[in-house]
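Containing mmCIF, C-alpha atoms (C1' of nucleotides): target-v9.cif.
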```cif
data_upload
#
loop_
_atom_site.label_atom_id
_atom_site.label_comp_id
_atom_site.auth_asym_id
_atom_site.auth_seq_id
_atom_site.Cartn_x
_atom_site.Cartn_y
_atom_site.Cartn_z
CA MET A 1 5.38 8.25 -4.90
CA PRO A 2 8.94 8.08 -6.19
CA LEU A 3 9.85 5.47 -8.71
CA LYS A 4 13.17 4.24 -9.98
CA ALA A 5 13.95 7.48 -11.75
CA ASP A 6 13.63 9.46 -8.53
CA LEU A 7 16.23 7.46 -6.66
CA ASP A 8 19.69 8.91 -6.28
CA ALA A 9 22.95 7.25 -5.31
CA ILE A 10 22.22 7.56 -1.59
CA ASP A 11 18.86 5.82 -1.98
CA TRP A 12 20.53 2.93 -3.75
CA LYS A 13 23.08 2.67 -0.99
CA ILE A 14 20.27 2.59 1.56
CA LEU A 15 18.56 -0.21 -0.31
CA ARG A 16 21.77 -2.18 -0.54
CA GLU A 17 22.52 -1.81 3.14
CA LEU A 18 19.03 -2.67 4.31
CA GLN A 19 18.93 -5.64 2.01
CA ALA A 20 22.12 -6.92 3.61
CA ASP A 21 21.03 -6.09 7.16
CA GLY A 22 17.44 -5.05 7.60
CA ARG A 23 17.80 -4.41 11.32
CA MET A 24 20.67 -1.96 11.10
CA THR A 25 20.04 1.08 13.28
CA ASN A 26 19.33 4.32 11.51
CA VAL A 27 22.48 5.98 12.86
CA GLU A 28 24.61 3.15 11.57
CA LEU A 29 22.85 3.33 8.25
CA SER A 30 23.30 7.08 8.06
CA ASN A 31 27.02 6.71 8.69
CA ARG A 32 27.37 4.15 5.93
CA VAL A 33 25.54 6.17 3.33
CA GLY A 34 27.22 9.42 4.32
CA ILE A 35 24.41 11.64 5.59
CA SER A 36 23.14 12.46 9.07
CA ALA A 37 20.47 10.44 10.80
CA PRO A 38 17.33 12.57 10.31
CA PRO A 39 17.40 12.82 6.51
CA CYS A 40 18.42 9.18 6.36
CA LEU A 41 15.36 8.17 8.34
CA ARG A 42 13.18 10.34 6.12
CA ARG A 43 14.54 8.59 3.04
CA VAL A 44 13.86 5.17 4.49
CA LYS A 45 10.31 6.15 5.37
CA ARG A 46 9.76 7.49 1.90
CA LEU A 47 11.06 4.28 0.34
CA GLU A 48 8.71 2.31 2.57
CA GLU A 49 5.70 4.48 1.79
CA ALA A 50 6.44 4.32 -1.92
CA GLY A 51 6.36 0.54 -1.68
CA ILE A 52 9.94 0.20 -2.85
CA ILE A 53 10.75 -1.39 0.48
CA ARG A 54 7.97 -3.94 0.81
CA GLY A 55 8.86 -4.96 4.35
CA TYR A 56 11.45 -6.61 6.50
CA ARG A 57 11.90 -10.23 7.32
CA ALA A 58 14.02 -12.33 9.65
CA LEU A 59 15.82 -15.11 7.82
CA LEU A 60 15.53 -18.40 9.63
CA ASN A 61 17.72 -21.47 9.61
CA ALA A 62 15.53 -24.31 8.42
CA PRO A 63 17.67 -27.30 9.48
CA ALA A 64 18.10 -25.87 12.99
CA LEU A 65 14.32 -25.75 13.24
CA GLY A 66 13.94 -29.36 12.25
CA LEU A 67 13.05 -28.61 8.65
CA ASP A 68 15.43 -30.79 6.70
CA VAL A 69 13.78 -30.83 3.29
CA VAL A 70 13.65 -27.91 0.89
CA ALA A 71 12.30 -28.70 -2.54
CA PHE A 72 10.81 -27.13 -5.62
CA CYS A 73 7.80 -28.46 -7.48
CA LEU A 74 6.96 -27.66 -11.08
CA ILE A 75 3.26 -28.08 -11.71
CA GLY A 76 1.54 -28.45 -15.04
CA LEU A 77 -2.24 -28.12 -15.21
CA HIS A 78 -4.64 -29.68 -17.67
CA HIS A 79 -6.47 -26.44 -18.30
CA GLN A 80 -4.95 -22.98 -18.04
CA ALA A 81 -7.97 -20.72 -18.24
CA ASP A 82 -7.90 -17.79 -15.88
CA ALA A 83 -10.37 -19.37 -13.47
CA GLU A 84 -8.36 -22.56 -13.20
CA LEU A 85 -5.13 -20.66 -12.62
CA ARG A 86 -6.74 -18.64 -9.86
CA THR A 87 -8.17 -21.74 -8.26
CA PHE A 88 -4.82 -23.44 -8.09
CA ALA A 89 -3.10 -20.27 -6.87
CA GLU A 90 -5.62 -20.03 -4.08
CA ARG A 91 -5.01 -23.61 -3.14
CA THR A 92 -1.27 -23.08 -2.74
CA ARG A 93 -2.01 -20.52 -0.05
CA GLY A 94 -3.68 -23.18 2.04
CA TRP A 95 -0.68 -25.51 2.03
CA PRO A 96 1.72 -24.67 4.86
CA ILE A 97 4.49 -26.67 3.22
CA VAL A 98 4.44 -24.27 0.28
CA ARG A 99 6.38 -21.20 1.38
CA ASP A 100 6.20 -19.25 -1.82
CA ALA A 101 4.73 -19.89 -5.21
CA TRP A 102 4.95 -18.40 -8.68
CA MET A 103 2.76 -18.60 -11.70
CA VAL A 104 5.13 -19.19 -14.59
CA SER A 105 5.15 -19.59 -18.33
CA GLY A 106 7.10 -22.30 -20.06
CA GLU A 107 6.82 -26.03 -19.69
CA SER A 108 5.02 -25.67 -16.38
CA ASP A 109 2.31 -23.43 -14.98
CA PHE A 110 3.38 -23.07 -11.33
CA LEU A 111 6.58 -23.29 -9.38
CA LEU A 112 6.32 -24.03 -5.67
CA HIS A 113 9.03 -23.54 -3.09
CA CYS A 114 8.41 -26.09 -0.36
CA VAL A 115 9.86 -26.73 3.09
CA ALA A 116 9.11 -29.87 5.07
CA SER A 117 10.34 -31.54 8.21
CA ASP A 118 11.49 -34.66 6.43
CA LEU A 119 11.31 -36.53 3.16
CA GLY A 120 8.26 -38.48 4.23
CA ALA A 121 6.28 -35.35 4.95
CA PHE A 122 7.21 -33.95 1.57
CA GLN A 123 6.33 -37.14 -0.28
CA THR A 124 3.02 -37.32 1.52
CA PHE A 125 2.30 -33.79 0.42
CA VAL A 126 3.18 -34.52 -3.20
CA ILE A 127 1.20 -37.72 -3.41
CA GLU A 128 -1.81 -37.03 -1.24
CA GLU A 129 -2.21 -33.32 -1.89
CA LEU A 130 -0.57 -32.21 -5.10
CA THR A 131 -1.17 -35.06 -7.50
CA SER A 132 -4.65 -35.61 -6.18
CA THR A 133 -5.64 -32.00 -6.73
CA PRO A 134 -8.16 -31.58 -9.54
CA ASN A 135 -6.72 -30.25 -12.78
CA VAL A 136 -3.12 -31.08 -11.85
CA ASP A 137 -1.49 -32.79 -14.79
CA THR A 138 2.24 -33.10 -14.19
CA VAL A 139 4.33 -32.71 -11.04
CA ARG A 140 8.08 -32.58 -11.30
CA THR A 141 10.07 -32.22 -8.11
CA ALA A 142 13.61 -31.09 -7.43
CA LEU A 143 14.95 -31.78 -3.96
CA THR A 144 17.56 -29.26 -2.94
CA ILE A 145 20.95 -30.49 -1.88
CA ARG A 146 22.28 -27.17 -0.70
CA ARG A 147 21.90 -23.49 -1.25
CA VAL A 148 24.68 -22.21 -3.44
CA LYS A 149 23.89 -18.50 -3.46
CA ASP A 150 21.61 -16.44 -1.27
CA GLU A 151 21.36 -12.73 -1.86
CA GLY A 152 18.55 -10.25 -1.88
CA LEU A 153 16.28 -9.55 -4.74
CA VAL A 154 18.24 -6.74 -6.24
CA SER A 155 21.78 -6.53 -7.47
CA PHE A 156 23.85 -3.41 -7.03
CA ALA A 157 26.73 -3.86 -9.39
CA GLN A 158 25.78 -1.05 -11.77
CA PRO A 159 24.24 1.85 -9.87
CA MET B 160 23.56 -23.39 21.41
CA PRO B 161 19.83 -24.18 21.55
CA LEU B 162 18.30 -26.26 18.81
CA LYS B 163 14.74 -26.99 17.93
CA ALA B 164 14.11 -29.03 21.03
CA ASP B 165 15.06 -26.11 23.28
CA LEU B 166 12.54 -23.70 21.82
CA ASP B 167 9.34 -23.08 23.72
CA ALA B 168 6.09 -21.52 22.59
CA ILE B 169 7.35 -17.98 23.17
CA ASP B 170 10.39 -18.57 20.98
CA TRP B 171 8.18 -19.79 18.17
CA LYS B 172 6.02 -16.71 18.52
CA ILE B 173 9.12 -14.53 18.32
CA LEU B 174 10.23 -16.29 15.15
CA ARG B 175 6.82 -15.89 13.62
CA GLU B 176 6.61 -12.20 14.42
CA LEU B 177 10.11 -11.39 13.24
CA GLN B 178 9.54 -13.35 10.08
CA ALA B 179 6.50 -11.22 9.39
CA ASP B 180 8.15 -7.94 10.41
CA GLY B 181 11.87 -8.09 10.98
CA ARG B 182 12.08 -4.45 12.04
CA MET B 183 9.53 -4.58 14.83
CA THR B 184 10.81 -2.86 17.96
CA ASN B 185 11.64 -5.06 20.88
CA VAL B 186 8.93 -3.53 23.06
CA GLU B 187 6.30 -4.21 20.43
CA LEU B 188 7.61 -7.73 20.04
CA SER B 189 7.58 -8.28 23.77
CA ASN B 190 3.95 -7.16 23.96
CA ARG B 191 2.94 -9.55 21.21
CA VAL B 192 4.61 -12.57 22.71
CA GLY B 193 3.47 -11.78 26.22
CA ILE B 194 6.66 -11.12 28.17
CA SER B 195 8.50 -7.95 29.16
CA ALA B 196 11.13 -6.34 27.00
CA PRO B 197 14.38 -7.47 28.64
CA PRO B 198 13.82 -11.23 28.51
CA CYS B 199 12.38 -10.80 25.04
CA LEU B 200 15.56 -9.13 23.85
CA ARG B 201 17.63 -11.83 25.49
CA ARG B 202 15.67 -14.48 23.64
CA VAL B 203 16.14 -12.74 20.31
CA LYS B 204 19.87 -12.43 20.90
CA ARG B 205 20.09 -16.07 21.82
CA LEU B 206 18.24 -17.07 18.67
CA GLU B 207 20.61 -14.93 16.62
CA GLU B 208 23.72 -16.32 18.29
CA ALA B 209 22.47 -19.86 17.88
CA GLY B 210 22.14 -19.22 14.16
CA ILE B 211 18.43 -19.90 14.19
CA ILE B 212 17.89 -16.33 13.04
CA ARG B 213 20.37 -16.03 10.19
CA GLY B 214 19.85 -12.32 9.64
CA TYR B 215 17.39 -9.69 8.57
CA ARG B 216 16.63 -8.42 5.12
CA ALA B 217 14.61 -5.64 3.57
CA LEU B 218 12.24 -6.93 0.90
CA LEU B 219 12.36 -4.80 -2.22
CA ASN B 220 9.83 -4.22 -4.94
CA ALA B 221 11.47 -5.37 -8.14
CA PRO B 222 9.13 -3.72 -10.69
CA ALA B 223 9.35 -0.37 -8.91
CA LEU B 224 13.11 -0.57 -9.28
CA GLY B 225 12.93 -1.22 -12.99
CA LEU B 226 13.40 -4.97 -12.69
CA ASP B 227 10.55 -6.37 -14.69
CA VAL B 228 11.67 -9.92 -15.28
CA VAL B 229 11.84 -12.63 -12.65
CA ALA B 230 12.60 -16.10 -13.93
CA PHE B 231 13.84 -19.48 -12.87
CA CYS B 232 16.38 -21.56 -14.77
CA LEU B 233 16.82 -25.29 -14.42
CA ILE B 234 20.32 -26.32 -15.41
CA GLY B 235 21.52 -29.77 -16.32
CA LEU B 236 25.24 -30.44 -16.52
CA HIS B 237 27.07 -33.00 -18.61
CA HIS B 238 29.19 -34.19 -15.72
CA GLN B 239 28.15 -34.13 -12.08
CA ALA B 240 31.37 -34.96 -10.29
CA ASP B 241 31.98 -32.94 -7.18
CA ALA B 242 34.54 -30.70 -8.84
CA GLU B 243 32.19 -29.83 -11.69
CA LEU B 244 29.33 -29.06 -9.32
CA ARG B 245 31.54 -26.76 -7.29
CA THR B 246 32.80 -25.03 -10.39
CA PHE B 247 29.31 -24.25 -11.59
CA ALA B 248 28.18 -23.19 -8.12
CA GLU B 249 31.07 -20.77 -7.95
CA ARG B 250 30.17 -19.37 -11.33
CA THR B 251 26.61 -18.59 -10.26
CA ARG B 252 28.03 -16.30 -7.56
CA GLY B 253 29.61 -14.16 -10.22
CA TRP B 254 26.38 -13.54 -12.12
CA PRO B 255 24.49 -10.54 -10.70
CA ILE B 256 21.30 -11.61 -12.46
CA VAL B 257 21.25 -14.78 -10.36
CA ARG B 258 19.87 -13.80 -6.98
CA ASP B 259 19.87 -17.19 -5.39
CA ALA B 260 20.77 -20.63 -6.53
CA TRP B 261 20.25 -24.18 -5.34
CA MET B 262 21.96 -27.42 -6.13
CA VAL B 263 19.17 -29.91 -6.67
CA SER B 264 18.60 -33.56 -7.42
CA GLY B 265 16.12 -34.73 -9.98
CA GLU B 266 15.97 -33.96 -13.64
CA SER B 267 18.25 -30.96 -13.24
CA ASP B 268 21.37 -30.17 -11.27
CA PHE B 269 20.86 -26.51 -10.42
CA LEU B 270 17.95 -24.14 -10.02
CA LEU B 271 18.62 -20.43 -10.43
CA HIS B 272 16.36 -17.61 -9.34
CA CYS B 273 17.04 -14.71 -11.70
CA VAL B 274 16.02 -11.05 -11.79
CA ALA B 275 16.63 -8.85 -14.81
CA SER B 276 15.63 -5.41 -16.00
CA ASP B 277 13.86 -6.70 -19.10
CA LEU B 278 13.39 -9.73 -21.26
CA GLY B 279 16.30 -8.82 -23.50
CA ALA B 280 18.72 -8.70 -20.61
CA PHE B 281 17.52 -12.08 -19.42
CA GLN B 282 17.74 -13.66 -22.85
CA THR B 283 21.22 -12.28 -23.31
CA PHE B 284 22.20 -13.84 -20.03
CA VAL B 285 20.77 -17.22 -20.97
CA ILE B 286 22.28 -17.31 -24.42
CA GLU B 287 25.62 -15.63 -23.93
CA GLU B 288 26.37 -16.72 -20.39
CA LEU B 289 24.47 -19.81 -19.38
CA THR B 290 24.38 -21.92 -22.49
CA SER B 291 27.93 -21.00 -23.38
CA THR B 292 29.27 -22.06 -20.00
CA PRO B 293 31.40 -25.21 -20.20
CA ASN B 294 29.73 -28.37 -18.99
CA VAL B 295 26.20 -26.92 -19.26
CA ASP B 296 23.99 -29.43 -21.01
CA THR B 297 20.37 -28.31 -20.76
CA VAL B 298 18.79 -25.00 -19.79
CA ARG B 299 15.07 -24.81 -19.17
CA THR B 300 13.62 -21.47 -18.23
CA ALA B 301 10.35 -20.49 -16.57
CA LEU B 302 9.41 -16.83 -16.74
CA THR B 303 7.30 -15.78 -13.80
CA ILE B 304 3.95 -14.18 -14.44
CA ARG B 305 3.23 -13.22 -10.89
CA ARG B 306 3.96 -14.23 -7.37
CA VAL B 307 1.09 -16.19 -5.93
CA LYS B 308 2.33 -16.72 -2.39
CA ASP B 309 5.12 -15.06 -0.47
CA GLU B 310 5.75 -16.07 3.10
CA GLY B 311 8.81 -16.72 5.16
CA LEU B 312 10.75 -19.91 5.27
CA VAL B 313 8.95 -21.44 8.17
CA SER B 314 5.34 -22.26 8.73
CA PHE B 315 3.74 -21.95 12.11
CA ALA B 316 0.55 -23.90 11.82
CA GLN B 317 1.52 -26.67 14.23
CA PRO B 318 3.61 -25.30 17.09
"C1'" DA C 319 13.58 -31.46 51.01
"C1'" DA C 320 17.36 -28.44 50.00
"C1'" DG C 321 20.23 -26.52 46.63
"C1'" DA C 322 21.21 -25.10 42.01
"C1'" DT C 323 19.77 -23.29 37.78
"C1'" DC C 324 17.12 -20.60 34.94
"C1'" DA C 325 14.09 -17.03 33.30
"C1'" DC C 326 11.32 -13.43 34.56
"C1'" DG C 327 10.36 -8.37 35.65
"C1'" DC C 328 11.85 -3.87 37.62
"C1'" DA C 329 14.71 0.06 37.30
"C1'" DA C 330 18.25 3.19 35.52
"C1'" DG C 331 21.72 4.79 32.30
"C1'" DA C 332 23.00 4.80 27.43
"C1'" DT C 333 21.63 4.88 22.90
"C1'" DT C 334 18.52 5.68 19.33
"C1'" DC C 335 14.43 7.60 17.28
"C1'" DT C 336 11.72 11.43 15.93
"C1'" DT C 337 10.26 16.05 15.25
"C1'" DG C 338 10.72 21.01 14.58
"C1'" DC C 339 13.41 24.51 12.76
"C1'" DG C 340 16.86 27.25 10.30
"C1'" DT C 341 20.04 27.15 6.29
"C1'" DA C 342 21.91 25.95 1.84
"C1'" DT C 343 21.29 24.29 -2.72
"C1'" DT C 344 18.71 23.52 -6.92
"C1'" DG C 345 15.53 24.51 -10.49
"C1'" DC C 346 12.21 27.49 -12.59
"C1'" DC C 347 9.93 31.59 -13.94
"C1'" DC C 348 9.86 36.22 -14.83
"C1'" DG D 349 20.31 37.57 -14.72
"C1'" DG D 350 17.74 38.02 -10.51
"C1'" DG D 351 14.37 36.37 -7.47
"C1'" DC D 352 11.20 32.93 -5.79
"C1'" DA D 353 9.60 28.31 -4.64
"C1'" DA D 354 10.71 23.78 -3.51
"C1'" DT D 355 13.63 20.45 -1.68
"C1'" DA D 356 16.95 18.31 1.35
"C1'" DC D 357 20.32 18.86 4.57
"C1'" DG D 358 22.09 19.18 9.59
"C1'" DC D 359 21.47 20.70 14.43
"C1'" DA D 360 19.16 20.26 18.70
"C1'" DA D 361 15.88 18.58 22.10
"C1'" DG D 362 12.30 15.62 23.85
"C1'" DA D 363 10.39 10.98 23.48
"C1'" DA D 364 10.98 6.28 22.94
"C1'" DT D 365 13.77 2.35 22.91
"C1'" DC D 366 17.66 -0.44 24.02
"C1'" DT D 367 20.60 -2.57 27.32
"C1'" DT D 368 22.49 -4.01 31.65
"C1'" DG D 369 22.48 -5.24 36.54
"C1'" DC D 370 19.95 -7.11 40.16
"C1'" DG D 371 16.47 -9.40 43.08
"C1'" DT D 372 12.64 -12.81 43.07
"C1'" DG D 373 10.12 -16.87 42.01
"C1'" DA D 374 9.58 -21.25 39.65
"C1'" DT D 375 11.42 -25.64 38.16
"C1'" DC D 376 14.49 -29.45 38.21
"C1'" DT D 377 18.01 -32.25 40.18
"C1'" DT D 378 20.23 -34.66 43.74
#
```
Structure translated into structure tokens:
Amino acid sequence: MPLKADLDAIDWKILRELQADGRMTNVELSNRVGISAPPCLRRVKRLEEAGIIRGYRALLNAPALGLDVVAFCLIGLHHQADAELRTFAERTRGWPIVRDAWMVSGESDFLLHCVASDLGAFQTFVIEELTSTPNVDTVRTALTIRRVKDEGLVSFAQP
Amino acid sequence: MPLKADLDAIDWKILRELQADGRMTNVELSNRVGISAPPCLRRVKRLEEAGIIRGYRALLNAPALGLDVVAFCLIGLHHQADAELRTFAERTRGWPIVRDAWMVSGESDFLLHCVASDLGAFQTFVIEELTSTPNVDTVRTALTIRRVKDEGLVSFAQP
DNA sequence: AAGATCACGCAAGATTCTTGCGTATTGCCC
DNA sequence: GGGCAATACGCAAGAATCTTGCGTGATCTT
């Protein structure tokens, strides 16, 4: 299982290209990174099997799908013992409005990335679900106005 | 250009499947959604051209790539006139550590999703870049401990 | 009720994927 | 320094997939 140290310049190029366009054909990818198709495919497979490429995802346009509200919620709990943290984490997985969630350290304990059809649906979620959840202390929300930057997880300025 | 109202149950299935695995072959996709390959491909193309599918992206494993710190920053500015907001938004695009950024309303003006190789690199960014940027008033950071939920943008419980 | 429109599925050619194999390069051990 | 093992490359061929054109059936409109 290769780790960071085992990646060469071609692997980094592959990661950059697939992060920009995950559906690129292998021949196109091989042209861009400068090797022929078979070894290029073998590298991609190896990156997938090593878990460096976790998967591929289509990016969807929320407003076009009738999802007009994107918001973040910062949640503070009363008690932060391991059991309580796990309980709340589990609960986030049952809320469809919550698209991804992080356990964080700082002023809050969780950060939730939420998508809802409209402001009413989001407010209903905050009031009737979040704040009424046991052990939830504080809920701070930040409604998004627009996305200002949207790139993949990894930057490729240096390698 | 179809919008939400023009999508039928098969389109929603396609979106769900491609959100879960953006590199699925068209024949596999067509089997899952219950139609033959050609109309399935035509639907995918139409969704892409309509902008409902914005693109495809490989998901990378940050720790395996030597990126051990994922954090969020909430930024408050002194002045929130349109010009100042645009100036700060533009600046986020020049910071490789910032992977995506949102303009938000609430207690803060911007939310930044940051990835760094280690805590030192992140702290250097916060101190030497963020807090020393003109017009930046407050910077609150939340270091992530772990990701608790990670799904695509759109939920598919209802349709 | 007739016509128009739309989406489906079949079929065939073009492209891509995938595997096996031979060769070149690198690193290591003797 | 020479030889061996390991690794990765590129070529080539068969398999799978993509892509387009075309005919049919269903739905909706007039």
Q: Name every residue that the PyMOL selection byres ((chain B and resi 203-213) around 9) selects in this structure, writing the answer as a PyMOL selection string with chains first and numbers rising.
A: (chain A and resi 58-65) or (chain B and resi 160-163+170+173-174+185+198-202+214-215)
Wanna dump the chain B-chain C contacts at 9 Å for me, each residue with its shortest atom pair and the distance in Å to one decimal, counting all atoms listed in the file, ordered by chain and number, as CSV?
```
residue,atom,partner,partner_atom,distance
B:Ile194,CA,C:DC326,C1',8.2
B:Ser195,CA,C:DG327,C1',6.8
B:Ala196,CA,C:DG327,C1',8.9
B:Pro197,CA,C:DG327,C1',8.1
B:Pro198,CA,C:DC326,C1',6.9
```
**Q.** Using all atoms listed in the file: which of A:Gly34, A:Gly22, A:Gly76, A:Gly66 has the shortest distance to chain D
**A.**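 Nearest candidate to chain D out of A:Gly34, A:Gly22, A:Gly76, A:Gly66: A:Gly34.
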Q.
Distance limit 10 Å, atoms considered: all atoms listed in the file. Which chain D residues sit that close to chain B? Return them as a PyMOL selection string.
A. chain D and resi 365-368
Q. Between CA of Arg16 (chain A) and CA of Thr251 (chain B), what is the spacing in Å?
A.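 CA of Arg16 (chain A) lies at a distance of 19.7 Å from CA of Thr251 (chain B).
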Q: Output the residue selection produced by the PyMOL selection byres ((chain A and resi 107) around 9) on the file above, formatted as a list of chain:residue names.
A: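 Residues picked by the PyMOL selection byres ((chain A and resi 107) around 9): A:Leu74, A:Ile75, A:Gly76, A:Val104, A:Ser105, A:Gly106, A:Ser108, A:Asp109, B:Arg299, B:Thr300, B:Ala301.
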Exercise on region 351-368 of chain D, axis-aligned box with 8 Å per side, report centre and edge lengths in Å to one decimal, as lines of an AutoDock Vina configuration file:
```
center_x = 16.0
center_y = 16.2
center_z = 12.1
size_x = 28.9
size_y = 56.4
size_z = 55.1
```
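CA of Glu249 (chain B) to CA of Lys149 (chain A) spans 8.8 Å [interatomic distance, one decimal].
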Q) Do you have the CA of Val136 (chain A)-CA of His272 (chain B) distance handy? A)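 Separation between CA of Val136 (chain A) and CA of His272 (chain B): 23.8 Å.
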**Q.** Output check: residues returned by the PyMOL selection byres ((chain A and resi 69) around 12), as a PyMOL selection string
**A.** (chain A and resi 61-68+70-72+97-98+113-123+142-147) or (chain B and resi 263+312-313)
